[in-house]
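S.K.: My questions all concern the structure below.
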Amino acid sequence: MSKFDQAKMAMQAKKIQKELKNEVIRVEKGDGAVWIEITGEQKIKKIHIDPDSVDLEDITQLERWIEDAVKEAIQESQKVAAEKMRPMMGALSSLGL
C-alpha cells in the first residue's frame, strides 16, 4: 500500500468517525415510557424516563424497558457503523488486507 493510499484511507476513516459521532439513534420502549439516544460510536447520549408512564410499584418492568432499549440501541448503532464502514472494508480487502 502506497503512502498516498494510506493517507487516503486515514482521511476516509476520520470522516467516517466524525459521521458516526454525529449520528444519533433513538430507541423507545414501553410506548415511550423509556427512550435512549446513542451515537454511531455507541456512546449513550441520553436516557429518558417519562414519570407519568412508569408504575413505581412495578420497577421490574421499568428495568426491563431500560435493558431492552439499551440492547436495541447498541445493535442499531452497530448496524449504522457497519454500513458506514462497508466501503472502507471493501477497499482494504482489495488491497489484500
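In the C-alpha cells, the first chain shown is A, the next is B, and so on; residue numbers restart at 1 for each chain, and ligands run from 1 in the order shown.
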When you look at segment 28-32 of chain A with a cut-off of 7 Å (counting only C-alpha atoms), what residues show up, excluding the ones that are within fewer than 4 positions of it in the same chain? I need them as an NGL selection string.
M.R.: :A and (36 or 65 or 69)
S.K.: Restricting the output to N, CA and C atoms, write the selected residues as a PDB file, in the first residue's frame.
M.R.:
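Just written: result_4.pdb:
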```pdb
ATOM      1  N   ILE A  36     -33.943   6.121  24.648  1.00  0.00           N
ATOM      2  CA  ILE A  36     -32.486   6.241  24.734  1.00  0.00           C
ATOM      3  C   ILE A  36     -31.976   6.815  23.425  1.00  0.00           C
ATOM      4  N   TRP A  65     -37.599  -2.408  30.374  1.00  0.00           N
ATOM      5  CA  TRP A  65     -37.650  -1.447  29.272  1.00  0.00           C
ATOM      6  C   TRP A  65     -36.291  -0.803  29.042  1.00  0.00           C
ATOM      7  N   ALA A  69     -34.107  -1.307  25.735  1.00  0.00           N
ATOM      8  CA  ALA A  69     -33.782  -0.112  24.950  1.00  0.00           C
ATOM      9  C   ALA A  69     -32.278   0.008  24.741  1.00  0.00           C
TER      10      ALA A  69
END
```
S.K.: Running DSSP on the backbone, which parts of chain A land in alpha helix (DSSP H), as a ChimeraX atom specification?
M.R.: /A:3-22,59-94
S.K.: In Å, with one decimal, what is the gap from atom CA of Ser77 of chain A to atom CA of Glu19 of chain A?
M.R.: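 Straight-line distance from atom CA of Ser77 of chain A to atom CA of Glu19 of chain A works out to 12.1 Å.
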S.K.: Hey, which of A:Gln75, A:Thr39, A:Leu56, A:Met88 ends up closest to Asp5 of chain A? Count only C-alpha atoms.
M.R.: A:Met88
S.K.: Enumerate, as a list in words, the complete set of residues in chain A that a backbone-based DSSP assignment places in strand (DSSP E).
M.R.: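 Matching residues, listed in order: Val24, Ile25, Arg26, Val27, Glu28, Lys29, Val34, Trp35, Ile36, Glu37, Ile38, Thr39, Ile44, Lys45, Lys46, Ile47, His48 and Ile49 of chain A.
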S.K.: Quick one: pull the distance between atom CA of Ile59 of chain A and atom CA of Ala33 of chain A, Å, one decimal.
M.R.: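 Pair atom CA of Ile59 of chain A / atom CA of Ala33 of chain A returns 12.4 Å.
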S.K.: Give me the residues within 9 Å of segment 82-86 of chain A as a PyMOL selection string, counting only C-alpha atoms and dropping any in the same chain fewer than 6 places off.
M.R.: chain A and resi 13+16+19-20
S.K.: For the selection you just gave me, I'd like the residues written to a file as a PDB file, in the first residue's frame, keeping N, CA and C atoms.
M.R.:
```pdb
ATOM      1  N   ALA A  13     -11.211   7.202   7.117  1.00  0.00           N
ATOM      2  CA  ALA A  13     -11.536   6.701   8.455  1.00  0.00           C
ATOM      3  C   ALA A  13     -11.941   7.849   9.377  1.00  0.00           C
ATOM      4  N   ILE A  16     -15.462   8.993   8.469  1.00  0.00           N
ATOM      5  CA  ILE A  16     -16.460   8.044   8.960  1.00  0.00           C
ATOM      6  C   ILE A  16     -16.624   8.199  10.466  1.00  0.00           C
ATOM      7  N   GLU A  19     -18.723  11.184  11.159  1.00  0.00           N
ATOM      8  CA  GLU A  19     -20.118  10.909  10.829  1.00  0.00           C
ATOM      9  C   GLU A  19     -20.783  10.069  11.919  1.00  0.00           C
ATOM     10  N   LEU A  20     -20.062   9.060  12.408  1.00  0.00           N
ATOM     11  CA  LEU A  20     -20.618   8.203  13.457  1.00  0.00           C
ATOM     12  C   LEU A  20     -20.829   8.976  14.753  1.00  0.00           C
TER      13      LEU A  20
END
```
S.K.: When distances are computed from only C-alpha atoms, which of A:Val80, A:Met89, A:Val27, A:Val54 shows the smallest separation from Glu67 of chain A?
M.R.: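 Of all the options, A:Val27 lies closest to Glu67 of chain A.
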S.K.: Mind pulling up the distance from atom CA of Ala73 of chain A to atom CA of Ala10 of chain A?
M.R.: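 So the answer is 27.5 Å.
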S.K.: Counting only C-alpha atoms, figure out which residue out of A:Met9, A:Leu62, A:Val70, A:Val24 gets nearest to Gly40 of chain A.
M.R.: A:Val24
S.K.: Which residue out of A:Ile74, A:Ala81, A:Ile66, A:Ala7 has the minimum interatomic distance to Ile38 of chain A when only C-alpha atoms are used?
M.R.: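 Ranked by minimum distance to Ile38 of chain A, first place goes to A:Ile74.
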S.K.: From the set A:Lys8, A:Lys71, A:Lys43, A:Lys3, which residue has the shortest atom-to-atom contact distance to Asn22 of chain A, counting only C-alpha atoms?
M.R.: A:Lys43
